[in-house]
Amino acid sequence: MLRTQIARLSTTLRRYNLSPHRIEILALFPILAIATAALSNRSVAELTGIVLPALLIVDAIGRAMTRRPVPGEITSVDAMTGLPTRPALDHALAEVAASDGRLTTACLFIRIDGHEHLAQRWGADARDEILRRTAERLQTVIRTEDVAARVEDGTFGLVLRPKPAGRPDQPEALAQRVANALGEPLHIAGSTALVTISIGIAVPGELGINDLARGAEAAVAEAQKTRKGSIRSFSRDLQERLSRDIELVRAVDNGLTTGEIRAWYQPQVCTDSGQITGFEALARWHHPTLGTLSPGQFLDAIANAGCMPRLSEVMLQNALSALASWDRKGLKIPTVSVNFSPEELRDPRLADRVKWEVDRFDIRPARVTIEILESVAALGHDDAILGNIDQFANHGFNLDLDDFGTGQASIQNIRRFRVQRIKIDRSFVTAIDTDPEQQSIVAAILSLAQHLGVETLAEGVETPGEHSILAQLGCGNVQGFGVARPMPFEDTFAWIDGHRARSAPTPLIGRNTG
Ligand code: C2E
Ligand code: CA
Ligand code: CA
């Protein structure tokens, strides 16, 4: 396509350091040509008068099609895609900001969903080809004077052409065009790669012009978090959440040290006997001003503060202390479950560290269940994760496959990982008593589990109806608000007593049992 060819030629000119400032000096050459013609040297006159201006025109068209001129000194070109890198965006925004309110613009961040797995899925060459072709497509969709850049791996940024302040662009329409064009199937090395694109948009208002790139970046992260393949605009809500997240990141260290961040416990019960089979430890942050926060509100802050290993340490310590306390009271709680994030599971010493801790507490590994997300178990080729999972099983810990049904773990992996139990995700459990489709899915999962010889637990069981149909279908254990909500450690004693009193067999009165 001509547009793409011109864009490439123009990029090549600049890659060889024919930056705009330098090449524009060539504009002097026609004058030189006239002067040499006047001195009657025709061939030099033709060369300078025709070839060099032609080069200039190609470069000018190319630059106009892809982006506004960017001084070569402050930006570099990404070798893979030929697009400029992030400073080009900041520079374009700074230019609009320098217009003192006469001009306005908007910024888009465009991200290939799951770009970090492209190489694993398609191979490194195909990943590069996907990125190159995506960049080319982007250049064909954008307009003259929009500035496009490759920001990082699978992320591109766009600063829209400046417009008079009273007549801003509508970036949503452009975002939709970009999403459609970039989401078209890509034919690479004989196969068809389908990628989805998430887009974040930031317009001036909540943010100053110079902050638009930061806003668009936050918006695309939010889009990916809520629904991959969606378009999300920066909003006051998001701004408030970001400020709160920054506050939380600062407070993580203190929260972990002082015990503000600690485990709550949610019971798991056997559908046959009603007996407690274990408790899952779930993180809560008792924040001094924000109240009790759930993991969804602070796990990112912990990850951003680089404190995930410390969270797992705290959670494990809490869980083991809880088990030891229940033991001391003679409460006979069989197991406690802990969650580990994929990043933690990549720590090659994790399994050994956990083993060391249980030994210190003098607790048998078989009384501790490690919950691994099914999506993590599906990454069958990550050596560090595989090593840990293997080592956990060798040490005798129980393995639960969490959120089962959402992560495409292969049957082979379930076997290979020596999984003891699958935790059927809440999405299959909700309304199972009234929805035949849910019943068929869960029945299929239960039958698979039976064939594989693994136990089952249904998560998110909220109503007696759901509880009883799960029991009828043969699901071994249930966990959910219908049994009990997660509770602070102090409350577990009363709950255990109450539950046992409620589920104790009714004494047989007035019959001769002897
Ligand atoms: P999860 O491991 O799937 O935990 C179950 C989540 O479902 C918990 O949310 C629990 O409160 C909630 N839940 C339980 N029963 C019901 C129910 O009947 N209905 C509904 N609607 N929800 C129910 P929570 O505590 O907010 O935790 C969310 C996720 O955060 C957990 O999902 C887990 O993936 C993660 N998480 C929690 N604690 C830790 C931790 O210590 N480390 C790591 N890495 N992740 C953790
Ligand atoms: Ca879990
Ligand atoms: Ca779960």
# chains A, B, ... in the order shown; residues from 1 in each chain; ligands from 1

$ residues_near_ligand --ligand "ligand 3" --cutoff "9 Å" --atoms "only C-alpha atoms and all ligand atoms" --output "list in words"
Glu371, Leu373, Leu401, Asp402, Asp403, Phe404, Lys423, Ile424, Asp425, Arg426, Glu459 and Gly460 of chain A

$ write_last_selection --atoms "N, CA and C atoms" --output "PDB file, in the first residue's frame"
ATOM      1  N   GLU A 371      -3.311 -22.760  47.072  1.00  0.00           N
ATOM      2  CA  GLU A 371      -4.271 -22.514  45.997  1.00  0.00           C
ATOM      3  C   GLU A 371      -3.548 -21.907  44.805  1.00  0.00           C
ATOM      4  N   LEU A 373      -4.120 -20.603  40.866  1.00  0.00           N
ATOM      5  CA  LEU A 373      -5.141 -20.265  39.878  1.00  0.00           C
ATOM      6  C   LEU A 373      -5.032 -21.196  38.685  1.00  0.00           C
ATOM      7  N   LEU A 401      -6.791 -26.304  42.670  1.00  0.00           N
ATOM      8  CA  LEU A 401      -6.806 -25.511  41.435  1.00  0.00           C
ATOM      9  C   LEU A 401      -7.950 -24.512  41.557  1.00  0.00           C
ATOM     10  N   ASP A 402      -7.576 -23.241  41.743  1.00  0.00           N
ATOM     11  CA  ASP A 402      -8.539 -22.181  42.064  1.00  0.00           C
ATOM     12  C   ASP A 402      -9.214 -21.647  40.796  1.00  0.00           C
ATOM     13  N   ASP A 403     -10.428 -21.135  40.953  1.00  0.00           N
ATOM     14  CA  ASP A 403     -11.185 -20.521  39.840  1.00  0.00           C
ATOM     15  C   ASP A 403     -11.286 -21.485  38.663  1.00  0.00           C
ATOM     16  N   PHE A 404     -11.509 -22.758  38.958  1.00  0.00           N
ATOM     17  CA  PHE A 404     -11.527 -23.759  37.891  1.00  0.00           C
ATOM     18  C   PHE A 404     -12.670 -23.468  36.907  1.00  0.00           C
ATOM     19  N   LYS A 423     -11.397 -26.193  42.529  1.00  0.00           N
ATOM     20  CA  LYS A 423     -12.373 -25.271  43.112  1.00  0.00           C
ATOM     21  C   LYS A 423     -13.187 -24.690  41.963  1.00  0.00           C
ATOM     22  N   ILE A 424     -14.432 -25.140  41.868  1.00  0.00           N
ATOM     23  CA  ILE A 424     -15.274 -24.725  40.738  1.00  0.00           C
ATOM     24  C   ILE A 424     -15.617 -23.246  40.900  1.00  0.00           C
ATOM     25  N   ASP A 425     -15.309 -22.468  39.872  1.00  0.00           N
ATOM     26  CA  ASP A 425     -15.443 -21.017  39.968  1.00  0.00           C
ATOM     27  C   ASP A 425     -16.898 -20.599  40.240  1.00  0.00           C
ATOM     28  N   ARG A 426     -17.004 -19.490  40.973  1.00  0.00           N
ATOM     29  CA  ARG A 426     -18.322 -18.963  41.354  1.00  0.00           C
ATOM     30  C   ARG A 426     -19.239 -18.733  40.144  1.00  0.00           C
ATOM     31  N   GLU A 459     -17.183 -22.858  44.811  1.00  0.00           N
ATOM     32  CA  GLU A 459     -16.954 -21.542  45.430  1.00  0.00           C
ATOM     33  C   GLU A 459     -18.175 -20.653  45.260  1.00  0.00           C
ATOM     34  N   GLY A 460     -18.297 -19.682  46.138  1.00  0.00           N
ATOM     35  CA  GLY A 460     -19.337 -18.658  45.974  1.00  0.00           C
ATOM     36  C   GLY A 460     -20.745 -19.190  46.146  1.00  0.00           C
TER      37      GLY A 460
END

$ residues_near_ligand --ligand "ligand 1" --cutoff "9 Å" --atoms "only C-alpha atoms and all ligand atoms" --output "number ranges by chain"
A: 262-266, 280-284, 293-297, 299, 308, 311-312, 314-316, 338-344, 371-373, 402-403, 423, 425-426, 430, 459-463, 479-486

$ residues_around --residues "A:Phe279" --least-positions-apart "5" --cutoff "10 Å" --atoms "only C-alpha atoms" --output "list in words"
Trp264, Tyr265, Gln266, Pro267, Gln268, Val269, Ala319, Ala322, Leu323, Ile333, Pro334, Thr335, Val336, Ser337, Val338, Val368, Thr369, Gln479, Pro486 and Thr492 of chain A

$ write_last_selection --atoms "N, CA, C and O atoms" --output "CSV table (one decimal), in the first residue's frame"
chain,number,residue,atom,x,y,z
A,264,TRP,N,-8.2,-12.9,56.9
A,264,TRP,CA,-9.5,-13.3,57.4
A,264,TRP,C,-9.7,-14.7,56.9
A,264,TRP,O,-8.9,-15.2,56.1
A,265,TYR,N,-10.7,-15.3,57.5
A,265,TYR,CA,-10.8,-16.8,57.2
A,265,TYR,C,-12.3,-17.1,56.8
A,265,TYR,O,-13.2,-16.6,57.4
A,266,GLN,N,-12.4,-17.9,55.7
A,266,GLN,CA,-13.7,-18.3,55.3
A,266,GLN,C,-13.7,-19.9,55.3
A,266,GLN,O,-12.9,-20.5,54.7
A,267,PRO,N,-14.8,-20.4,56.0
A,267,PRO,CA,-14.8,-21.9,56.1
A,267,PRO,C,-15.2,-22.6,54.8
A,267,PRO,O,-15.9,-22.0,54.0
A,268,GLN,N,-14.8,-23.8,54.8
A,268,GLN,CA,-15.2,-24.8,53.7
A,268,GLN,C,-15.8,-26.0,54.4
A,268,GLN,O,-15.3,-26.4,55.4
A,269,VAL,N,-17.0,-26.4,53.9
A,269,VAL,CA,-17.6,-27.5,54.6
A,269,VAL,C,-17.9,-28.7,53.6
A,269,VAL,O,-18.1,-28.5,52.4
A,319,ALA,N,-1.8,-17.8,58.8
A,319,ALA,CA,-2.6,-19.0,58.6
A,319,ALA,C,-2.1,-20.1,59.5
A,319,ALA,O,-2.8,-20.9,60.1
A,322,ALA,N,-3.0,-19.4,63.0
A,322,ALA,CA,-4.4,-19.7,63.3
A,322,ALA,C,-4.6,-21.2,63.5
A,322,ALA,O,-5.3,-21.7,64.4
A,323,LEU,N,-4.0,-22.0,62.6
A,323,LEU,CA,-4.1,-23.5,62.7
A,323,LEU,C,-3.6,-23.9,64.1
A,323,LEU,O,-4.2,-24.8,64.8
A,333,ILE,N,-9.5,-28.4,63.3
A,333,ILE,CA,-9.7,-27.9,61.9
A,333,ILE,C,-8.7,-28.6,61.0
A,333,ILE,O,-7.5,-28.4,61.2
A,334,PRO,N,-9.1,-29.4,60.0
A,334,PRO,CA,-8.2,-30.2,59.3
A,334,PRO,C,-7.1,-29.3,58.5
A,334,PRO,O,-5.9,-29.7,58.6
A,335,THR,N,-7.6,-28.3,57.7
A,335,THR,CA,-6.6,-27.6,56.8
A,335,THR,C,-6.8,-26.1,56.8
A,335,THR,O,-7.9,-25.6,57.1
A,336,VAL,N,-5.8,-25.4,56.3
A,336,VAL,CA,-5.9,-24.0,56.0
A,336,VAL,C,-5.3,-23.8,54.6
A,336,VAL,O,-4.3,-24.4,54.3
A,337,SER,N,-6.0,-22.9,53.9
A,337,SER,CA,-5.6,-22.7,52.5
A,337,SER,C,-5.0,-21.3,52.3
A,337,SER,O,-5.5,-20.4,52.9
A,338,VAL,N,-3.9,-21.2,51.5
A,338,VAL,CA,-3.4,-19.9,51.2
A,338,VAL,C,-3.3,-19.7,49.7
A,338,VAL,O,-3.1,-20.7,49.0
A,368,VAL,N,-1.8,-28.0,55.0
A,368,VAL,CA,-1.8,-26.7,54.4
A,368,VAL,C,-2.1,-26.9,52.9
A,368,VAL,O,-1.5,-27.8,52.2
A,369,THR,N,-3.0,-26.1,52.4
A,369,THR,CA,-3.4,-26.2,51.0
A,369,THR,C,-2.9,-25.0,50.3
A,369,THR,O,-3.1,-23.9,50.7
A,479,GLN,N,-18.0,-23.6,49.7
A,479,GLN,CA,-17.5,-22.5,50.4
A,479,GLN,C,-18.3,-21.3,49.8
A,479,GLN,O,-18.6,-21.2,48.6
A,486,PRO,N,-16.1,-14.4,54.8
A,486,PRO,CA,-14.8,-14.4,55.5
A,486,PRO,C,-14.9,-13.6,56.8
A,486,PRO,O,-15.6,-12.6,56.8
A,492,THR,N,-13.6,-16.6,64.5
A,492,THR,CA,-13.7,-18.0,64.0
A,492,THR,C,-14.2,-19.0,65.1
A,492,THR,O,-14.9,-19.9,64.9

$ residues_around --residues "A:Ser198" --least-positions-apart "5" --cutoff "6 Å" --atoms "only C-alpha atoms" --output "PyMOL selection string"
chain A and resi 110-111+228-231

$ residues_around --residues "A:Ala148" --least-positions-apart "6" --cutoff "8 Å" --atoms "only C-alpha atoms" --output "list of chain:residue names"
A:Thr66, A:Arg67, A:Leu83, A:Pro84, A:Leu89, A:Gln139, A:Phe156, A:Gly157, A:Leu158, A:Val159

$ closest_residue --among "A:Ala301, A:Ile201, A:Ile496, A:Ala124" --to "A:Ala216" --atoms "only C-alpha atoms"
A:Ile201

$ closest_residue --among "A:Asp382, A:His395, A:Asp400, A:Ala179" --to "A:Ile370" --atoms "only C-alpha atoms"
A:Asp400

$ closest_residue --among "A:Arg177, A:Gly114, A:Leu457, A:Lys163" --to "ligand 2" --atoms "only C-alpha atoms and all ligand atoms"
A:Leu457

$ closest_residue --among "A:Ala189, A:Ile363, A:Ala458, A:Val442" --to "ligand 2" --atoms "only C-alpha atoms and all ligand atoms"
A:Ala458
